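First up is the structure itself, then whatever we jot down about it.
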Amino acid sequence: MPDLAWFVVRRLAAALLVMLALSFAVYLIFYALPADPAHLACGKPCTPDRLEQARHFMQLDQTTIQQYLNFLRGIFVGRTFGEGAAAVQCNAPCFGYSFPLARPVTMLILERLPITASIAIGAAVIWLLVGVSLGVVAALKRGKLLDRLAVGFALIGVASPSFLVGLLAILVFGFWLNMVPVNGYVPLTESPVDWAWHLITPWLVLALLYAAAYIRLTRAQMLEELNLDHVTTARSKGAGEARVVLRHGFRGALVPIVTLFGLDLGGLLGGAILTEKVFSMQGLGELLLSAVGQLDVAVVVGTTLFSAFLIILANLVVDIVHGMLDPRVSHG
Amino acid sequence: MADRPVLEVHDLHVTFRTENGLVPAVDDIDFAVAPGKTLAIVGESGSGKSVSAAAVMGLLPSNADVRGEVQLDGRELVGLPNDELRKIRGNDIALVFQDALSALNPYYTVGWQVAEAYRLHHDASKREAHQRAVQLLDLVGIPAAARRANSYPHEFSGGMRQRVVIAMALVNDPKVLIADEPTTALDVTVQAQIMRLLEDVQTEFGTALVLISHDLGVVAEAADDVVVMYAGRAAERGTVRDLFQRAAHPYSLGLLGAMPRVDVPPKPRLTTIPGSPPSPGSITTGCPFQPRCAYADRVGERCITERPELTPRPGEGDHEAACHLGRRPSGV
């Protein structure tokens, strides 16, 4: 176990470095843009005086490097914009302050995360169950009708853009059949049934798109695993087909599936931009999208860093789980 | 052969249905093995040795047609429903594979894998099965078996892994052990240890052994009877002494000539058999060995037009060879 702890510490340290570099890159990219966020804050008509004021208040009059250092400092000690009664406080850990939304970025992310997490986790459960079981069945029925159907379904899923499937689903199930609500989000704590009812369409749409990859991966892995000698060994021991397929065949297919799943879920938790937009869910993806439109650099940097953190975290979890699943890694 | 044979194979035919038509892999093979005795099946790669073994175990893929008789203690196995065969596999007939690394499942401890073989055929608790596994691992010579039972296959050396595979095969006291090239992947010294182990097992438990090998050195030492296979057919069969002292088929002589020996004055070079074995089904008329045969000229056209059948030859018992040469070829 101390090995594992040391591994995690090392990986987290590396993650911090990656995020530091990433935040710097995002800062540079946004400051290279010709547009000026202070212009938006200044309003109309914008006198040079007021523009200068806005710039000073948002601390945009400092050099890029200085602004970046302020940002880093804010994470640990918080930041204050402006002076006196009009001052805006951003408490540590301050990942920037959104002037258009008049909220600290940290708060914004924490507010939006439950929505995105609800979408992502629910969809992930569905696509994992559907994708993996269809993949196993397709491998067992290789070349038969069921296999063709599963592979065809996977092809459609891979090829479909989420906004198209999402809009079609809203049209068919929301308006024509009037079965599900077409938009909105109800917190889980308020009413679990309404929560699930509002989320079922985005779940299914996302699951359709993601399940495709899992069908193909599981099918390919199972075909490979079932051809291995140790699967024949299991059969020669007198194991029944179900045991041969699941205990001996599927066991080996598990590692790549878990790896893909971890990375997909990590990526999706950072925001399902198109799906959130289509279903009018105020999640992290929607937050990022509108921030880009309003040149809200603080939010863009904050959400980007958060997504990056999730992906790095997912990688770490995947590596640890991989070690637990494969004794050749942990008992090396 | 005082004892009644425990495993009898008559007129075994195996044909694979492929996209390119029917491919005969095993064509009319007979053999029998009595308790405590060893029958060796010898031949080059692709001669149908392993397919014969898989046919006996009922482990062939679904595109294989098996005809003929496979009798275990007088019970016909060909055509038995898979569920009945499952109860025999690993219980009455067990298989030892060539490559112990790939034959063992990398995700489970060796103790678990041996115990699994036991639990598949016995109504035993996990604990009892584990104890039985440790007992068998100890029997096959794994040092500190109780501790090593919790290790994974990759933590063992090649020879130790093969011992694990043998322990797994022996855990249900099978009547017949089929060993498919059990020593091919091992160092010479380890080969000798494994063959010694198999011999000890036979003496102790009266297990009948079907030894599939292309290593005539191993065969000379271990076998009682030998079947030499060529292109899916029996080229020659007899006792081990018949083969080594009175080989009647040019192919057997070729194999013997290609074997390094220390008991006779060394030849400047080992002889080789020119050419390579025919692909299954490619030779339909005449003797399948004829294109490579050094003696075909002495017989003439008959080798090309007429397929030789097994005919009795002088020897200890039922020495037979499928060759048009009436007398034992001389000059080798």
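Within each chain, counting starts at residue 1; across the structure tokens, chains are named A, B, ... in the order shown, with ligands numbered 1 upward in that order.
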
Give me the residues within 10 Å of Asp99 (chain B) as a list in words, counting only C-alpha atoms and dropping any in the same chain fewer than 3 places off.
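Those residues are Asp229 and His230 of chain A; Val96, Ser102, Ala103, Leu104, Gly158, Arg161, Gln162, Val165, Asp180, Glu181, Pro182, Thr183, Thr184, Ala185 and Leu186 of chain B.
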
All heavy atoms of the current selection, written as a short mmCIF file (atom, residue, chain, number, x, y, z; two decimals), in the first residue's frame:
data_model
loop_
_atom_site.label_atom_id
_atom_site.label_comp_id
_atom_site.auth_asym_id
_atom_site.auth_seq_id
_atom_site.Cartn_x
_atom_site.Cartn_y
_atom_site.Cartn_z
N ASP A 229 -5.81 -19.22 -25.15
CA ASP A 229 -5.66 -20.60 -24.67
C ASP A 229 -6.32 -20.81 -23.32
O ASP A 229 -6.88 -21.87 -23.05
CB ASP A 229 -4.17 -20.95 -24.55
CG ASP A 229 -3.54 -21.17 -25.90
OD1 ASP A 229 -4.30 -21.18 -26.89
OD2 ASP A 229 -2.32 -21.32 -25.98
N HIS A 230 -6.24 -19.82 -22.44
CA HIS A 230 -6.75 -20.08 -21.09
C HIS A 230 -8.27 -20.20 -21.08
O HIS A 230 -8.83 -20.79 -20.15
CB HIS A 230 -6.23 -19.07 -20.08
CG HIS A 230 -6.71 -17.66 -20.24
ND1 HIS A 230 -7.98 -17.29 -19.91
CD2 HIS A 230 -6.09 -16.56 -20.68
CE1 HIS A 230 -8.12 -16.00 -20.15
NE2 HIS A 230 -6.99 -15.53 -20.63
N VAL B 96 -3.52 -31.35 -20.77
CA VAL B 96 -2.36 -30.53 -20.40
C VAL B 96 -1.86 -29.86 -21.67
O VAL B 96 -1.54 -30.53 -22.64
CB VAL B 96 -1.24 -31.39 -19.78
CG1 VAL B 96 0.01 -30.54 -19.55
CG2 VAL B 96 -1.70 -31.99 -18.47
N SER B 102 0.16 -19.36 -21.42
CA SER B 102 -1.11 -18.93 -22.02
C SER B 102 -2.26 -19.84 -21.60
O SER B 102 -3.41 -19.46 -21.69
CB SER B 102 -0.99 -18.86 -23.54
OG SER B 102 -0.70 -20.14 -24.06
N ALA B 103 -1.94 -21.05 -21.11
CA ALA B 103 -3.01 -21.96 -20.70
C ALA B 103 -3.59 -21.57 -19.35
O ALA B 103 -4.70 -21.97 -19.01
CB ALA B 103 -2.49 -23.39 -20.65
N LEU B 104 -2.83 -20.79 -18.58
CA LEU B 104 -3.34 -20.36 -17.28
C LEU B 104 -3.93 -18.97 -17.41
O LEU B 104 -3.44 -18.13 -18.17
CB LEU B 104 -2.21 -20.36 -16.24
CG LEU B 104 -1.71 -21.75 -15.84
CD1 LEU B 104 -0.43 -21.64 -15.04
CD2 LEU B 104 -2.77 -22.47 -15.04
N GLY B 158 8.67 -21.24 -16.03
CA GLY B 158 7.99 -22.08 -17.02
C GLY B 158 7.72 -23.49 -16.53
O GLY B 158 6.62 -24.02 -16.68
N ARG B 161 5.07 -23.49 -13.85
CA ARG B 161 3.75 -23.26 -14.45
C ARG B 161 3.21 -24.55 -15.05
O ARG B 161 2.04 -24.86 -14.91
CB ARG B 161 3.85 -22.20 -15.55
CG ARG B 161 3.70 -20.80 -15.06
CD ARG B 161 3.34 -19.88 -16.19
NE ARG B 161 4.47 -19.68 -17.09
CZ ARG B 161 5.32 -18.65 -17.00
NH1 ARG B 161 5.16 -17.76 -16.07
NH2 ARG B 161 6.31 -18.53 -17.85
N GLN B 162 4.09 -25.31 -15.71
CA GLN B 162 3.63 -26.56 -16.30
C GLN B 162 3.20 -27.53 -15.20
O GLN B 162 2.24 -28.27 -15.36
CB GLN B 162 4.74 -27.17 -17.18
CG GLN B 162 4.28 -28.29 -18.10
CD GLN B 162 3.15 -27.88 -19.03
OE1 GLN B 162 2.00 -27.85 -18.64
NE2 GLN B 162 3.48 -27.57 -20.27
N VAL B 165 -0.26 -26.57 -14.28
CA VAL B 165 -1.23 -27.06 -15.28
C VAL B 165 -1.49 -28.56 -15.06
O VAL B 165 -2.63 -29.02 -15.15
CB VAL B 165 -0.71 -26.79 -16.71
CG1 VAL B 165 -1.57 -27.49 -17.73
CG2 VAL B 165 -0.69 -25.31 -16.97
N ASP B 180 -0.68 -32.34 -24.59
CA ASP B 180 -0.38 -31.83 -25.93
C ASP B 180 0.95 -31.08 -25.88
O ASP B 180 1.00 -29.94 -25.44
CB ASP B 180 -1.53 -30.92 -26.38
CG ASP B 180 -1.43 -30.56 -27.86
OD1 ASP B 180 -0.38 -30.85 -28.46
OD2 ASP B 180 -2.39 -29.99 -28.40
N GLU B 181 2.00 -31.73 -26.35
CA GLU B 181 3.34 -31.13 -26.32
C GLU B 181 3.66 -30.56 -24.95
O GLU B 181 3.99 -29.36 -24.84
CB GLU B 181 3.43 -30.02 -27.38
CG GLU B 181 2.99 -30.44 -28.76
CD GLU B 181 4.17 -30.74 -29.68
OE1 GLU B 181 5.31 -30.75 -29.17
OE2 GLU B 181 3.94 -31.01 -30.86
N PRO B 182 3.60 -31.34 -23.90
CA PRO B 182 3.70 -30.77 -22.55
C PRO B 182 5.08 -30.20 -22.24
O PRO B 182 5.21 -29.42 -21.30
CB PRO B 182 3.40 -31.96 -21.64
CG PRO B 182 3.79 -33.15 -22.44
CD PRO B 182 3.50 -32.80 -23.87
N THR B 183 6.08 -30.57 -23.00
CA THR B 183 7.43 -30.12 -22.63
C THR B 183 8.08 -29.25 -23.69
O THR B 183 9.21 -28.83 -23.54
CB THR B 183 8.35 -31.34 -22.37
OG1 THR B 183 8.41 -32.12 -23.57
CG2 THR B 183 7.84 -32.18 -21.24
N THR B 184 7.37 -29.00 -24.77
CA THR B 184 7.99 -28.31 -25.90
C THR B 184 8.50 -26.92 -25.53
O THR B 184 9.54 -26.48 -26.01
CB THR B 184 6.98 -28.19 -27.05
OG1 THR B 184 6.49 -29.49 -27.32
CG2 THR B 184 7.62 -27.63 -28.29
N ALA B 185 7.76 -26.23 -24.65
CA ALA B 185 8.14 -24.85 -24.35
C ALA B 185 9.18 -24.77 -23.23
O ALA B 185 9.50 -23.68 -22.78
CB ALA B 185 6.89 -24.06 -23.95
N LEU B 186 9.70 -25.91 -22.80
CA LEU B 186 10.56 -25.90 -21.60
C LEU B 186 12.02 -26.21 -21.92
O LEU B 186 12.34 -26.80 -22.95
CB LEU B 186 10.04 -26.95 -20.61
CG LEU B 186 8.58 -26.78 -20.17
CD1 LEU B 186 8.16 -27.95 -19.32
CD2 LEU B 186 8.40 -25.48 -19.43
#

Residue contacts of region 25-36 of chain B (6 Å, only C-alpha atoms) excluding same-chain residues fewer than 2 positions away, as a list in words:
Asp3, Arg4, Pro5, Val6, Leu7, Glu8, Val9, His10, Asp11, Leu12, His13, Val14, Thr15, Gly48, Gln202, Gly206, Thr207, Ala208, Gly232, Arg233 and Pro280 of chain B

Could you turn the residues from that selection into a file that holds N, CA and C atoms, as a PDB file, in the first residue's frame?
ATOM      1  N   ASP B   3      -4.242 -55.031 -19.891  1.00  0.00           N
ATOM      2  CA  ASP B   3      -5.432 -54.313 -19.431  1.00  0.00           C
ATOM      3  C   ASP B   3      -6.344 -53.940 -20.585  1.00  0.00           C
ATOM      4  N   ARG B   4      -7.640 -53.897 -20.267  1.00  0.00           N
ATOM      5  CA  ARG B   4      -8.600 -53.358 -21.217  1.00  0.00           C
ATOM      6  C   ARG B   4      -8.299 -51.878 -21.402  1.00  0.00           C
ATOM      7  N   PRO B   5      -8.309 -51.406 -22.645  1.00  0.00           N
ATOM      8  CA  PRO B   5      -8.054 -49.978 -22.844  1.00  0.00           C
ATOM      9  C   PRO B   5      -9.150 -49.127 -22.197  1.00  0.00           C
ATOM     10  N   VAL B   6      -8.729 -48.012 -21.623  1.00  0.00           N
ATOM     11  CA  VAL B   6      -9.699 -47.114 -21.001  1.00  0.00           C
ATOM     12  C   VAL B   6     -10.233 -46.121 -22.033  1.00  0.00           C
ATOM     13  N   LEU B   7      -9.378 -45.782 -22.978  1.00  0.00           N
ATOM     14  CA  LEU B   7      -9.813 -44.886 -24.057  1.00  0.00           C
ATOM     15  C   LEU B   7      -9.562 -45.578 -25.397  1.00  0.00           C
ATOM     16  N   GLU B   8     -10.609 -45.678 -26.191  1.00  0.00           N
ATOM     17  CA  GLU B   8     -10.481 -46.300 -27.507  1.00  0.00           C
ATOM     18  C   GLU B   8     -11.022 -45.354 -28.563  1.00  0.00           C
ATOM     19  N   VAL B   9     -10.227 -45.145 -29.589  1.00  0.00           N
ATOM     20  CA  VAL B   9     -10.657 -44.279 -30.684  1.00  0.00           C
ATOM     21  C   VAL B   9     -10.644 -45.101 -31.962  1.00  0.00           C
ATOM     22  N   HIS B  10     -11.783 -45.123 -32.645  1.00  0.00           N
ATOM     23  CA  HIS B  10     -11.878 -45.884 -33.889  1.00  0.00           C
ATOM     24  C   HIS B  10     -12.353 -45.015 -35.027  1.00  0.00           C
ATOM     25  N   ASP B  11     -11.703 -45.164 -36.157  1.00  0.00           N
ATOM     26  CA  ASP B  11     -12.141 -44.499 -37.400  1.00  0.00           C
ATOM     27  C   ASP B  11     -12.453 -43.028 -37.169  1.00  0.00           C
ATOM     28  N   LEU B  12     -11.625 -42.347 -36.430  1.00  0.00           N
ATOM     29  CA  LEU B  12     -11.916 -40.942 -36.141  1.00  0.00           C
ATOM     30  C   LEU B  12     -11.664 -40.089 -37.385  1.00  0.00           C
ATOM     31  N   HIS B  13     -12.697 -39.348 -37.761  1.00  0.00           N
ATOM     32  CA  HIS B  13     -12.579 -38.398 -38.870  1.00  0.00           C
ATOM     33  C   HIS B  13     -12.963 -37.024 -38.349  1.00  0.00           C
ATOM     34  N   VAL B  14     -12.169 -36.036 -38.660  1.00  0.00           N
ATOM     35  CA  VAL B  14     -12.561 -34.661 -38.339  1.00  0.00           C
ATOM     36  C   VAL B  14     -12.470 -33.840 -39.618  1.00  0.00           C
ATOM     37  N   THR B  15     -13.571 -33.188 -39.966  1.00  0.00           N
ATOM     38  CA  THR B  15     -13.605 -32.344 -41.165  1.00  0.00           C
ATOM     39  C   THR B  15     -14.048 -30.951 -40.766  1.00  0.00           C
ATOM     40  N   GLY B  48      -2.438 -33.119 -37.593  1.00  0.00           N
ATOM     41  CA  GLY B  48      -3.726 -33.522 -37.043  1.00  0.00           C
ATOM     42  C   GLY B  48      -3.638 -34.065 -35.630  1.00  0.00           C
ATOM     43  N   GLN B 202       1.486 -41.543 -13.325  1.00  0.00           N
ATOM     44  CA  GLN B 202       0.911 -42.743 -13.934  1.00  0.00           C
ATOM     45  C   GLN B 202       1.083 -43.968 -13.040  1.00  0.00           C
ATOM     46  N   GLY B 206      -2.364 -44.801 -11.910  1.00  0.00           N
ATOM     47  CA  GLY B 206      -2.813 -45.635 -13.019  1.00  0.00           C
ATOM     48  C   GLY B 206      -3.469 -44.846 -14.131  1.00  0.00           C
ATOM     49  N   THR B 207      -3.054 -43.582 -14.280  1.00  0.00           N
ATOM     50  CA  THR B 207      -3.633 -42.742 -15.326  1.00  0.00           C
ATOM     51  C   THR B 207      -3.110 -43.179 -16.693  1.00  0.00           C
ATOM     52  N   ALA B 208      -4.023 -43.241 -17.655  1.00  0.00           N
ATOM     53  CA  ALA B 208      -3.591 -43.486 -19.031  1.00  0.00           C
ATOM     54  C   ALA B 208      -3.153 -42.158 -19.620  1.00  0.00           C
ATOM     55  N   GLY B 232      -2.917 -35.898 -41.424  1.00  0.00           N
ATOM     56  CA  GLY B 232      -4.223 -36.303 -40.903  1.00  0.00           C
ATOM     57  C   GLY B 232      -4.455 -37.800 -40.882  1.00  0.00           C
ATOM     58  N   ARG B 233      -3.493 -38.577 -41.348  1.00  0.00           N
ATOM     59  CA  ARG B 233      -3.669 -40.030 -41.366  1.00  0.00           C
ATOM     60  C   ARG B 233      -2.569 -40.710 -40.569  1.00  0.00           C
ATOM     61  N   PRO B 280      -3.821 -29.667 -45.377  1.00  0.00           N
ATOM     62  CA  PRO B 280      -4.875 -30.677 -45.284  1.00  0.00           C
ATOM     63  C   PRO B 280      -5.786 -30.656 -46.510  1.00  0.00           C
TER      64      PRO B 280
END

Return the neighbours of chain B among the residues of chain A, cut-off 12 Å, counting only C-alpha atoms, as a PyMOL selection string.
chain A and resi 225-241+243-244+247-255+322-332

Report as a PDB file with C-alpha atoms, in the first residue's frame all protein, DNA and RNA residues lying within 8 Å of region 15-17 of chain A, evaluated on only C-alpha atoms, omitting residues in the same chain fewer than 3 positions from it.
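The file below, selection15.pdb, is the result:
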ATOM      1  CA  ARG A  11       0.718  11.519 -10.077  1.00  0.00           C
ATOM      2  CA  LEU A  12      -1.046  14.380  -8.283  1.00  0.00           C
ATOM      3  CA  LEU A  20      -0.296  25.149 -14.112  1.00  0.00           C
ATOM      4  CA  ALA A  21       0.936  24.987 -17.695  1.00  0.00           C
ATOM      5  CA  PHE A 309      -8.479  18.337 -13.393  1.00  0.00           C
ATOM      6  CA  ILE A 312      -6.284  13.961 -14.895  1.00  0.00           C
TER       7      ILE A 312
END

Test item, strand (DSSP E) assignment across region 64-107 of chain A, answer as a PDB file with N, CA, C and O atoms, in the first residue's frame:
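The resulting file, states_24.pdb, is reproduced below:
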ATOM      1  N   ARG A  79      -9.068  37.109  -3.541  1.00  0.00           N
ATOM      2  CA  ARG A  79      -8.769  38.368  -4.229  1.00  0.00           C
ATOM      3  C   ARG A  79      -9.844  39.400  -3.893  1.00  0.00           C
ATOM      4  O   ARG A  79     -10.972  39.056  -3.556  1.00  0.00           O
ATOM      5  N   THR A  80      -9.434  40.657  -4.003  1.00  0.00           N
ATOM      6  CA  THR A  80     -10.395  41.746  -3.862  1.00  0.00           C
ATOM      7  C   THR A  80     -10.265  42.639  -5.088  1.00  0.00           C
ATOM      8  O   THR A  80      -9.155  43.029  -5.460  1.00  0.00           O
ATOM      9  N   PHE A  81     -11.394  42.900  -5.761  1.00  0.00           N
ATOM     10  CA  PHE A  81     -11.380  43.799  -6.919  1.00  0.00           C
ATOM     11  C   PHE A  81     -11.947  45.146  -6.487  1.00  0.00           C
ATOM     12  O   PHE A  81     -13.005  45.203  -5.855  1.00  0.00           O
ATOM     13  N   VAL A  88     -15.281  44.203  -4.653  1.00  0.00           N
ATOM     14  CA  VAL A  88     -15.849  42.869  -4.845  1.00  0.00           C
ATOM     15  C   VAL A  88     -14.893  41.852  -4.238  1.00  0.00           C
ATOM     16  O   VAL A  88     -13.699  41.865  -4.524  1.00  0.00           O
ATOM     17  N   GLN A  89     -15.444  41.016  -3.402  1.00  0.00           N
ATOM     18  CA  GLN A  89     -14.600  40.053  -2.694  1.00  0.00           C
ATOM     19  C   GLN A  89     -14.691  38.675  -3.364  1.00  0.00           C
ATOM     20  O   GLN A  89     -15.772  38.215  -3.722  1.00  0.00           O
ATOM     21  N   CYS A  90     -13.557  38.031  -3.559  1.00  0.00           N
ATOM     22  CA  CYS A  90     -13.549  36.657  -4.087  1.00  0.00           C
ATOM     23  C   CYS A  90     -12.706  35.823  -3.133  1.00  0.00           C
ATOM     24  O   CYS A  90     -11.487  35.959  -3.083  1.00  0.00           O
ATOM     25  N   TYR A  97     -13.020  35.720 -11.001  1.00  0.00           N
ATOM     26  CA  TYR A  97     -14.324  36.286 -10.698  1.00  0.00           C
ATOM     27  C   TYR A  97     -14.994  36.645 -12.014  1.00  0.00           C
ATOM     28  O   TYR A  97     -14.393  37.255 -12.887  1.00  0.00           O
ATOM     29  N   SER A  98     -16.257  36.227 -12.139  1.00  0.00           N
ATOM     30  CA  SER A  98     -16.972  36.530 -13.365  1.00  0.00           C
ATOM     31  C   SER A  98     -17.723  37.837 -13.199  1.00  0.00           C
ATOM     32  O   SER A  98     -18.682  37.904 -12.422  1.00  0.00           O
ATOM     33  N   ARG A 103     -20.343  36.643 -10.007  1.00  0.00           N
ATOM     34  CA  ARG A 103     -20.169  35.552  -9.059  1.00  0.00           C
ATOM     35  C   ARG A 103     -18.719  35.062  -9.139  1.00  0.00           C
ATOM     36  O   ARG A 103     -18.115  35.081 -10.210  1.00  0.00           O
ATOM     37  N   PRO A 104     -18.178  34.601  -8.026  1.00  0.00           N
ATOM     38  CA  PRO A 104     -16.864  33.958  -8.104  1.00  0.00           C
ATOM     39  C   PRO A 104     -16.969  32.674  -8.938  1.00  0.00           C
ATOM     40  O   PRO A 104     -17.970  31.963  -8.859  1.00  0.00           O
TER      41      PRO A 104
END

Residues near Pro308 (chain B), anyone? I mean within 8 Å using only C-alpha atoms, not counting same-chain ones fewer than 3 positions away, as an MDAnalysis selection string.
chainID B and resid 286:287 303 322:324

Test item: residues at most 10 Å from region 169-182 of chain A, only C-alpha atoms, excluding those fewer than 2 positions along its chain, as a VMD selection string:
chain A and resid 163 to 167 184 to 185 194 197 to 202 204 to 205 278 to 280

For Pro93 (chain A), which of A:Thr64, A:Thr106, A:Thr116, A:Gln221 is the closest residue, counting only C-alpha atoms?
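Checking each candidate against Pro93 (chain A), we get A:Thr106 as the closest.
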
Using backbone DSSP assignments, extract all helix (DSSP H, G or I) residues from region 67-145 of chain A; output them as an NGL selection string.
:A and (67-77 or 84-86 or 105-140 or 145)

CA of Ile311 (chain A) to CA of Arg216 (chain A), distance in Å rounded to a single decimal:
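Straight-line distance from CA of Ile311 (chain A) to CA of Arg216 (chain A) works out to 22.7 Å.
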